[in-house]
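These notes are about the structure you will find just below.
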Amino acid sequence: MAKTELWDDFGESILASPELTLAAFLGHEPSMIFARQQSILFPAKSDFQADQTYDPNPHKLKLAADELDSTFLMRCVSTWGAEPLQHAVNACSQLQCERHDLCSPQLLPLRTEAAWTLQKLINSPSPATRRKANEVLLKCKVAYRQFEKSPDSAEAQQVWYHLGAPWFGLETATGDLAARIDCGETVPAPSNSSWCARVTVWPVRAIDAAAHWSSHVVAQEAVRSTLISWAASRLETILP
């Protein structure tokens, strides 16, 4: 697969200043000002919209505009690689746990365990934490497995949305996103024109689940604010 048009224009600055360009793209004013002062290019929403790679609805399905905006956001974030995607799905997981008070009593312990394990895996990764994450992820899959053939049933929908973002976050964070490159494709991975579609399947499901218990606008803001805070914390030594 070829490089994306966006990567041709902004890939060099994204590689050189990943946190700065991400924060600037997300609207963090100090990062935007500093990047412009230093002549560091960063993409705008319109740049992603001009590249069909990031089209949130390539099959032209009848989907709500706010849902497409959530998909688009996750596709854009994928340009900065695996780590921002992991923080994005953790934001979705935390939002769902805050907003979804009436989780099924049968599923609540597993949802809590999934959310806690996801956050620990992202903040303090270790072989032991990864093993635990895989164990909890398997529990989530087992809980849903009996309903796989009838995904529209009430029982399937309950498991899907009640485990929701914590489960989908684990699916994202336990996968080796950086290694999902087929032989012969461009490097680094996010420059690949098929990268964002392949690696955002679970992140898009995570933001959709979080939005199910709040709204897409709220879920998008949770992702943005979390990523800005994470990126800005790494920029403290350079930003005024």
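The way I read the labels, and the way they are meant: chains A, B, ... in the order of the structure tokens, residue 1 as the first residue of every chain, and ligand 1 as the first ligand shown, with later ones counted on from there.
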
Open item on the list: Taking only range 23-78 of chain A into account, list the residues labelled alpha helix (DSSP H) by DSSP (computed from the backbone), as a ChimeraX atom specification.
Closed with: /A:23-25,29-37,45-49,65-77

Please produce a file of those selected residues containing N, CA, C and O atoms, as a short mmCIF file (atom, residue, chain, number, x, y, z; two decimals), in the first residue's frame.
```cif
data_model
loop_
_atom_site.label_atom_id
_atom_site.label_comp_id
_atom_site.auth_asym_id
_atom_site.auth_seq_id
_atom_site.Cartn_x
_atom_site.Cartn_y
_atom_site.Cartn_z
N ALA A 23 -1.08 17.66 19.80
CA ALA A 23 -1.76 18.65 20.63
C ALA A 23 -2.22 19.84 19.79
O ALA A 23 -3.33 20.35 19.99
N ALA A 24 -1.38 20.26 18.87
CA ALA A 24 -1.76 21.38 18.01
C ALA A 24 -2.94 21.02 17.13
O ALA A 24 -3.88 21.82 16.97
N PHE A 25 -2.93 19.83 16.57
CA PHE A 25 -4.07 19.39 15.75
C PHE A 25 -5.36 19.38 16.56
O PHE A 25 -6.42 19.77 16.07
N GLU A 29 -3.95 25.51 22.26
CA GLU A 29 -3.44 26.80 21.78
C GLU A 29 -1.95 27.00 22.03
O GLU A 29 -1.24 27.46 21.12
N PRO A 30 -1.42 26.71 23.23
CA PRO A 30 0.04 26.89 23.42
C PRO A 30 0.86 26.07 22.42
O PRO A 30 1.89 26.54 21.94
N SER A 31 0.40 24.86 22.12
CA SER A 31 1.12 24.02 21.15
C SER A 31 1.02 24.60 19.75
O SER A 31 2.00 24.59 18.98
N MET A 32 -0.15 25.11 19.40
CA MET A 32 -0.33 25.72 18.09
C MET A 32 0.58 26.93 17.92
O MET A 32 1.25 27.09 16.89
N ILE A 33 0.63 27.77 18.94
CA ILE A 33 1.46 28.98 18.87
C ILE A 33 2.93 28.62 18.75
O ILE A 33 3.67 29.16 17.91
N PHE A 34 3.38 27.68 19.60
CA PHE A 34 4.79 27.28 19.58
C PHE A 34 5.16 26.65 18.24
O PHE A 34 6.23 26.94 17.68
N ALA A 35 4.30 25.79 17.73
CA ALA A 35 4.59 25.13 16.45
C ALA A 35 4.74 26.17 15.33
O ALA A 35 5.65 26.07 14.49
N ARG A 36 3.86 27.13 15.31
CA ARG A 36 3.94 28.15 14.28
C ARG A 36 5.19 29.01 14.44
O ARG A 36 5.84 29.38 13.46
N GLN A 37 5.55 29.33 15.68
CA GLN A 37 6.76 30.11 15.92
C GLN A 37 8.01 29.38 15.44
O GLN A 37 8.96 30.00 14.97
N LYS A 45 -7.96 19.77 10.49
CA LYS A 45 -9.06 18.88 10.14
C LYS A 45 -9.26 18.82 8.63
O LYS A 45 -9.50 17.74 8.06
N SER A 46 -9.14 19.95 7.97
CA SER A 46 -9.35 20.01 6.53
C SER A 46 -8.32 19.17 5.78
O SER A 46 -8.62 18.64 4.69
N ASP A 47 -7.11 19.04 6.32
CA ASP A 47 -6.09 18.22 5.67
C ASP A 47 -6.47 16.74 5.71
O ASP A 47 -6.25 16.01 4.73
N PHE A 48 -7.03 16.30 6.82
CA PHE A 48 -7.51 14.92 6.90
C PHE A 48 -8.72 14.71 5.99
O PHE A 48 -8.86 13.67 5.35
N GLN A 49 -9.59 15.69 5.93
CA GLN A 49 -10.78 15.58 5.09
C GLN A 49 -10.42 15.49 3.61
O GLN A 49 -11.16 14.90 2.82
N ALA A 65 -24.39 12.09 11.67
CA ALA A 65 -23.22 12.95 11.50
C ALA A 65 -22.31 12.89 12.72
O ALA A 65 -21.08 12.84 12.59
N ASP A 66 -22.88 12.87 13.93
CA ASP A 66 -22.04 12.86 15.13
C ASP A 66 -21.30 11.52 15.28
O ASP A 66 -20.17 11.47 15.78
N GLU A 67 -21.93 10.44 14.82
CA GLU A 67 -21.26 9.14 14.83
C GLU A 67 -20.07 9.14 13.87
O GLU A 67 -18.99 8.63 14.19
N LEU A 68 -20.27 9.73 12.70
CA LEU A 68 -19.18 9.82 11.72
C LEU A 68 -18.05 10.70 12.25
O LEU A 68 -16.87 10.42 12.00
N ASP A 69 -18.40 11.74 12.99
CA ASP A 69 -17.38 12.60 13.57
C ASP A 69 -16.50 11.83 14.56
O ASP A 69 -15.28 12.06 14.63
N SER A 70 -17.11 10.92 15.32
CA SER A 70 -16.33 10.11 16.27
C SER A 70 -15.38 9.18 15.53
O SER A 70 -14.20 9.04 15.92
N THR A 71 -15.88 8.55 14.48
CA THR A 71 -15.03 7.67 13.68
C THR A 71 -13.88 8.46 13.06
O THR A 71 -12.72 8.03 13.08
N PHE A 72 -14.20 9.63 12.53
CA PHE A 72 -13.19 10.48 11.91
C PHE A 72 -12.11 10.86 12.91
O PHE A 72 -10.91 10.83 12.61
N LEU A 73 -12.52 11.21 14.13
CA LEU A 73 -11.55 11.59 15.16
C LEU A 73 -10.57 10.45 15.43
O LEU A 73 -9.35 10.67 15.49
N MET A 74 -11.08 9.25 15.62
CA MET A 74 -10.20 8.11 15.89
C MET A 74 -9.28 7.83 14.71
O MET A 74 -8.10 7.48 14.89
N ARG A 75 -9.79 7.99 13.51
CA ARG A 75 -8.95 7.76 12.32
C ARG A 75 -7.83 8.80 12.27
O ARG A 75 -6.69 8.47 11.93
N CYS A 76 -8.14 10.03 12.60
CA CYS A 76 -7.10 11.06 12.62
C CYS A 76 -6.05 10.75 13.68
O CYS A 76 -4.84 10.84 13.42
N VAL A 77 -6.49 10.38 14.87
CA VAL A 77 -5.56 10.09 15.97
C VAL A 77 -4.61 8.96 15.61
O VAL A 77 -3.44 8.96 16.02
#
```

- [ ] Write out as a PyMOL selection string the residues lying within 9 Å of Tyr161 in chain A, counting only C-alpha atoms and excluding same-chain residues fewer than 5 positions away.
- [x] chain A and resi 156+209-210+212-213

Emit the selected residues as a PDB file, in the first residue's frame, including N, CA, C and O atoms.
```
ATOM      1  N   ALA A 156     -27.454  -9.877  23.441  1.00  0.00           N
ATOM      2  CA  ALA A 156     -26.172  -9.528  22.831  1.00  0.00           C
ATOM      3  C   ALA A 156     -25.872  -8.047  23.003  1.00  0.00           C
ATOM      4  O   ALA A 156     -24.746  -7.653  23.342  1.00  0.00           O
ATOM      5  N   ALA A 209     -19.346   3.079  22.118  1.00  0.00           N
ATOM      6  CA  ALA A 209     -19.919   2.565  23.366  1.00  0.00           C
ATOM      7  C   ALA A 209     -19.986   3.663  24.422  1.00  0.00           C
ATOM      8  O   ALA A 209     -20.983   3.790  25.145  1.00  0.00           O
ATOM      9  N   ALA A 210     -18.931   4.460  24.526  1.00  0.00           N
ATOM     10  CA  ALA A 210     -18.942   5.562  25.486  1.00  0.00           C
ATOM     11  C   ALA A 210     -20.038   6.557  25.141  1.00  0.00           C
ATOM     12  O   ALA A 210     -20.738   7.067  26.016  1.00  0.00           O
ATOM     13  N   HIS A 212     -22.772   5.880  23.632  1.00  0.00           N
ATOM     14  CA  HIS A 212     -24.071   5.246  23.878  1.00  0.00           C
ATOM     15  C   HIS A 212     -24.612   5.627  25.246  1.00  0.00           C
ATOM     16  O   HIS A 212     -25.826   5.742  25.438  1.00  0.00           O
ATOM     17  N   TRP A 213     -23.705   5.842  26.215  1.00  0.00           N
ATOM     18  CA  TRP A 213     -24.107   6.169  27.581  1.00  0.00           C
ATOM     19  C   TRP A 213     -23.970   7.660  27.885  1.00  0.00           C
ATOM     20  O   TRP A 213     -24.211   8.084  29.009  1.00  0.00           O
TER      21      TRP A 213
END
```

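By chain and then residue number, the residues within 12 Å of Pro109 in chain A are Cys97, Cys103, Ser104, Ala114, Ala115, Trp116, Val136, Lys139, Cys140, His162, Leu163 and Pro166 of chain A, counting only C-alpha atoms and disregarding those fewer than 5 positions away in sequence.
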
Atoms to include: N, CA, C and O atoms. Write the selected residues as a PDB file, in the first residue's frame.
```
ATOM      1  N   CYS A  97     -17.680   4.332  32.429  1.00  0.00           N
ATOM      2  CA  CYS A  97     -17.839   3.966  33.842  1.00  0.00           C
ATOM      3  C   CYS A  97     -18.429   5.118  34.656  1.00  0.00           C
ATOM      4  O   CYS A  97     -19.169   4.885  35.614  1.00  0.00           O
ATOM      5  N   CYS A 103     -25.315  -0.446  35.135  1.00  0.00           N
ATOM      6  CA  CYS A 103     -24.755  -1.631  34.483  1.00  0.00           C
ATOM      7  C   CYS A 103     -25.369  -2.888  35.085  1.00  0.00           C
ATOM      8  O   CYS A 103     -25.672  -2.943  36.288  1.00  0.00           O
ATOM      9  N   SER A 104     -25.568  -3.904  34.256  1.00  0.00           N
ATOM     10  CA  SER A 104     -26.092  -5.182  34.717  1.00  0.00           C
ATOM     11  C   SER A 104     -25.272  -5.699  35.893  1.00  0.00           C
ATOM     12  O   SER A 104     -24.039  -5.735  35.824  1.00  0.00           O
ATOM     13  N   ALA A 114     -12.236  -4.873  33.787  1.00  0.00           N
ATOM     14  CA  ALA A 114     -11.690  -4.525  32.470  1.00  0.00           C
ATOM     15  C   ALA A 114     -11.196  -3.082  32.448  1.00  0.00           C
ATOM     16  O   ALA A 114     -10.108  -2.788  31.936  1.00  0.00           O
ATOM     17  N   ALA A 115     -11.986  -2.167  33.012  1.00  0.00           N
ATOM     18  CA  ALA A 115     -11.591  -0.756  33.029  1.00  0.00           C
ATOM     19  C   ALA A 115     -10.332  -0.544  33.864  1.00  0.00           C
ATOM     20  O   ALA A 115      -9.418   0.195  33.457  1.00  0.00           O
ATOM     21  N   TRP A 116     -10.277  -1.181  35.016  1.00  0.00           N
ATOM     22  CA  TRP A 116      -9.118  -1.032  35.899  1.00  0.00           C
ATOM     23  C   TRP A 116      -7.872  -1.623  35.247  1.00  0.00           C
ATOM     24  O   TRP A 116      -6.782  -1.023  35.283  1.00  0.00           O
ATOM     25  N   VAL A 136      -8.438 -10.964  31.311  1.00  0.00           N
ATOM     26  CA  VAL A 136      -9.706 -10.238  31.426  1.00  0.00           C
ATOM     27  C   VAL A 136     -10.363 -10.111  30.054  1.00  0.00           C
ATOM     28  O   VAL A 136     -11.589 -10.232  29.926  1.00  0.00           O
ATOM     29  N   LYS A 139     -12.253 -13.156  29.270  1.00  0.00           N
ATOM     30  CA  LYS A 139     -13.530 -13.203  29.986  1.00  0.00           C
ATOM     31  C   LYS A 139     -14.603 -12.405  29.248  1.00  0.00           C
ATOM     32  O   LYS A 139     -15.763 -12.828  29.160  1.00  0.00           O
ATOM     33  N   CYS A 140     -14.220 -11.244  28.722  1.00  0.00           N
ATOM     34  CA  CYS A 140     -15.174 -10.422  27.967  1.00  0.00           C
ATOM     35  C   CYS A 140     -15.643 -11.154  26.710  1.00  0.00           C
ATOM     36  O   CYS A 140     -16.830 -11.156  26.380  1.00  0.00           O
ATOM     37  N   HIS A 162     -22.779  -2.979  27.740  1.00  0.00           N
ATOM     38  CA  HIS A 162     -22.488  -2.878  29.162  1.00  0.00           C
ATOM     39  C   HIS A 162     -21.000  -3.121  29.440  1.00  0.00           C
ATOM     40  O   HIS A 162     -20.418  -2.434  30.291  1.00  0.00           O
ATOM     41  N   LEU A 163     -20.384  -4.057  28.736  1.00  0.00           N
ATOM     42  CA  LEU A 163     -18.928  -4.193  28.834  1.00  0.00           C
ATOM     43  C   LEU A 163     -18.248  -3.105  28.010  1.00  0.00           C
ATOM     44  O   LEU A 163     -17.222  -2.564  28.403  1.00  0.00           O
ATOM     45  N   PRO A 166     -14.632  -0.428  28.101  1.00  0.00           N
ATOM     46  CA  PRO A 166     -13.540  -1.136  28.782  1.00  0.00           C
ATOM     47  C   PRO A 166     -13.100  -2.401  28.030  1.00  0.00           C
ATOM     48  O   PRO A 166     -11.896  -2.667  27.895  1.00  0.00           O
TER      49      PRO A 166
END
```

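The coordinates place CA of Leu95 in chain A at 28.6 Å from CA of Leu239 in chain A.
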
Open item on the list: Which residues are close to Gly175 in chain A, i.e. within 10 Å by only C-alpha atoms, leaving aside same-chain residues fewer than 5 positions away? Reply as a list in words.
Closed with: Ala82, Asn134, Leu170, Arg180 and Val199 of chain A

With all heavy atoms kept, could you save the residues just selected as a PDB file, in the first residue's frame?
```
ATOM      1  N   ALA A  82       0.262   4.042  17.915  1.00  0.00           N
ATOM      2  CA  ALA A  82      -0.462   3.204  18.864  1.00  0.00           C
ATOM      3  C   ALA A  82      -0.709   3.872  20.210  1.00  0.00           C
ATOM      4  O   ALA A  82      -1.790   3.743  20.791  1.00  0.00           O
ATOM      5  CB  ALA A  82       0.307   1.896  19.070  1.00  0.00           C
ATOM      6  N   ASN A 134      -4.847  -9.857  29.120  1.00  0.00           N
ATOM      7  CA  ASN A 134      -5.291 -10.914  28.212  1.00  0.00           C
ATOM      8  C   ASN A 134      -6.296 -11.845  28.882  1.00  0.00           C
ATOM      9  O   ASN A 134      -7.235 -12.327  28.241  1.00  0.00           O
ATOM     10  CB  ASN A 134      -4.084 -11.709  27.698  1.00  0.00           C
ATOM     11  CG  ASN A 134      -3.309 -10.961  26.633  1.00  0.00           C
ATOM     12  OD1 ASN A 134      -3.886 -10.324  25.764  1.00  0.00           O
ATOM     13  ND2 ASN A 134      -1.983 -11.028  26.700  1.00  0.00           N
ATOM     14  N   LEU A 170      -9.515  -2.837  25.916  1.00  0.00           N
ATOM     15  CA  LEU A 170      -8.568  -3.944  26.080  1.00  0.00           C
ATOM     16  C   LEU A 170      -8.225  -4.580  24.744  1.00  0.00           C
ATOM     17  O   LEU A 170      -7.081  -4.976  24.514  1.00  0.00           O
ATOM     18  CB  LEU A 170      -9.153  -5.001  27.026  1.00  0.00           C
ATOM     19  CG  LEU A 170      -9.071  -4.716  28.522  1.00  0.00           C
ATOM     20  CD1 LEU A 170      -9.742  -5.842  29.301  1.00  0.00           C
ATOM     21  CD2 LEU A 170      -7.625  -4.540  28.971  1.00  0.00           C
ATOM     22  N   ARG A 180       1.381  -4.360  13.143  1.00  0.00           N
ATOM     23  CA  ARG A 180       0.355  -4.731  12.161  1.00  0.00           C
ATOM     24  C   ARG A 180       0.679  -4.165  10.781  1.00  0.00           C
ATOM     25  O   ARG A 180      -0.004  -3.319  10.237  1.00  0.00           O
ATOM     26  CB  ARG A 180      -1.008  -4.247  12.626  1.00  0.00           C
ATOM     27  CG  ARG A 180      -1.480  -4.966  13.887  1.00  0.00           C
ATOM     28  CD  ARG A 180      -2.881  -4.546  14.268  1.00  0.00           C
ATOM     29  NE  ARG A 180      -3.256  -5.135  15.537  1.00  0.00           N
ATOM     30  CZ  ARG A 180      -4.411  -4.916  16.145  1.00  0.00           C
ATOM     31  NH1 ARG A 180      -5.303  -4.118  15.612  1.00  0.00           N
ATOM     32  NH2 ARG A 180      -4.680  -5.482  17.303  1.00  0.00           N
ATOM     33  N   VAL A 199      -6.464  -0.344  12.254  1.00  0.00           N
ATOM     34  CA  VAL A 199      -6.205  -0.248  13.686  1.00  0.00           C
ATOM     35  C   VAL A 199      -7.264   0.516  14.467  1.00  0.00           C
ATOM     36  O   VAL A 199      -7.200   0.568  15.699  1.00  0.00           O
ATOM     37  CB  VAL A 199      -4.826   0.372  13.974  1.00  0.00           C
ATOM     38  CG1 VAL A 199      -3.732  -0.438  13.318  1.00  0.00           C
ATOM     39  CG2 VAL A 199      -4.788   1.826  13.534  1.00  0.00           C
TER      40      VAL A 199
END
```

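Restricting the calculation to only C-alpha atoms, the smallest distance between Leu85 in chain A and any of A:Ser191, A:Phe147, A:Leu235, A:Gly169 is found for A:Gly169.
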
TODO: Skip range 222-227 of chain A itself and residues of its chain fewer than 4 positions away, then list as a PyMOL selection string all residues within 12 Å of it, counting only C-alpha atoms.
DONE: chain A and resi 18-28+70-71+73-74+76-77+80+83-96+98+203-204+206-208+210-211+214-218+231-234

Open item on the list: With distances taken over only C-alpha atoms, which residue among A:Ala128, A:Leu41, A:Leu121, A:Ala143 lies nearest Gln157 in chain A?
Closed with: A:Ala143

Task: Nearby residues (only C-alpha atoms) at most 8 Å from Thr174 in chain A, same-chain spacing under 2 positions excluded, as a PyMOL selection string - done: chain A and resi 130+133-134+170-172+176

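Minimum atom-to-atom distance to Val201 in chain A, evaluated using only C-alpha atoms, belongs to A:Phe168 out of A:Arg131, A:Pro125, A:Phe168, A:Val142.
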
- [ ] May I ask which of the residues A:Trp160, A:Phe42, A:Tyr144, A:Trp7 is the closest one to Val187 in chain A, counting only C-alpha atoms?
- [x] A:Trp7
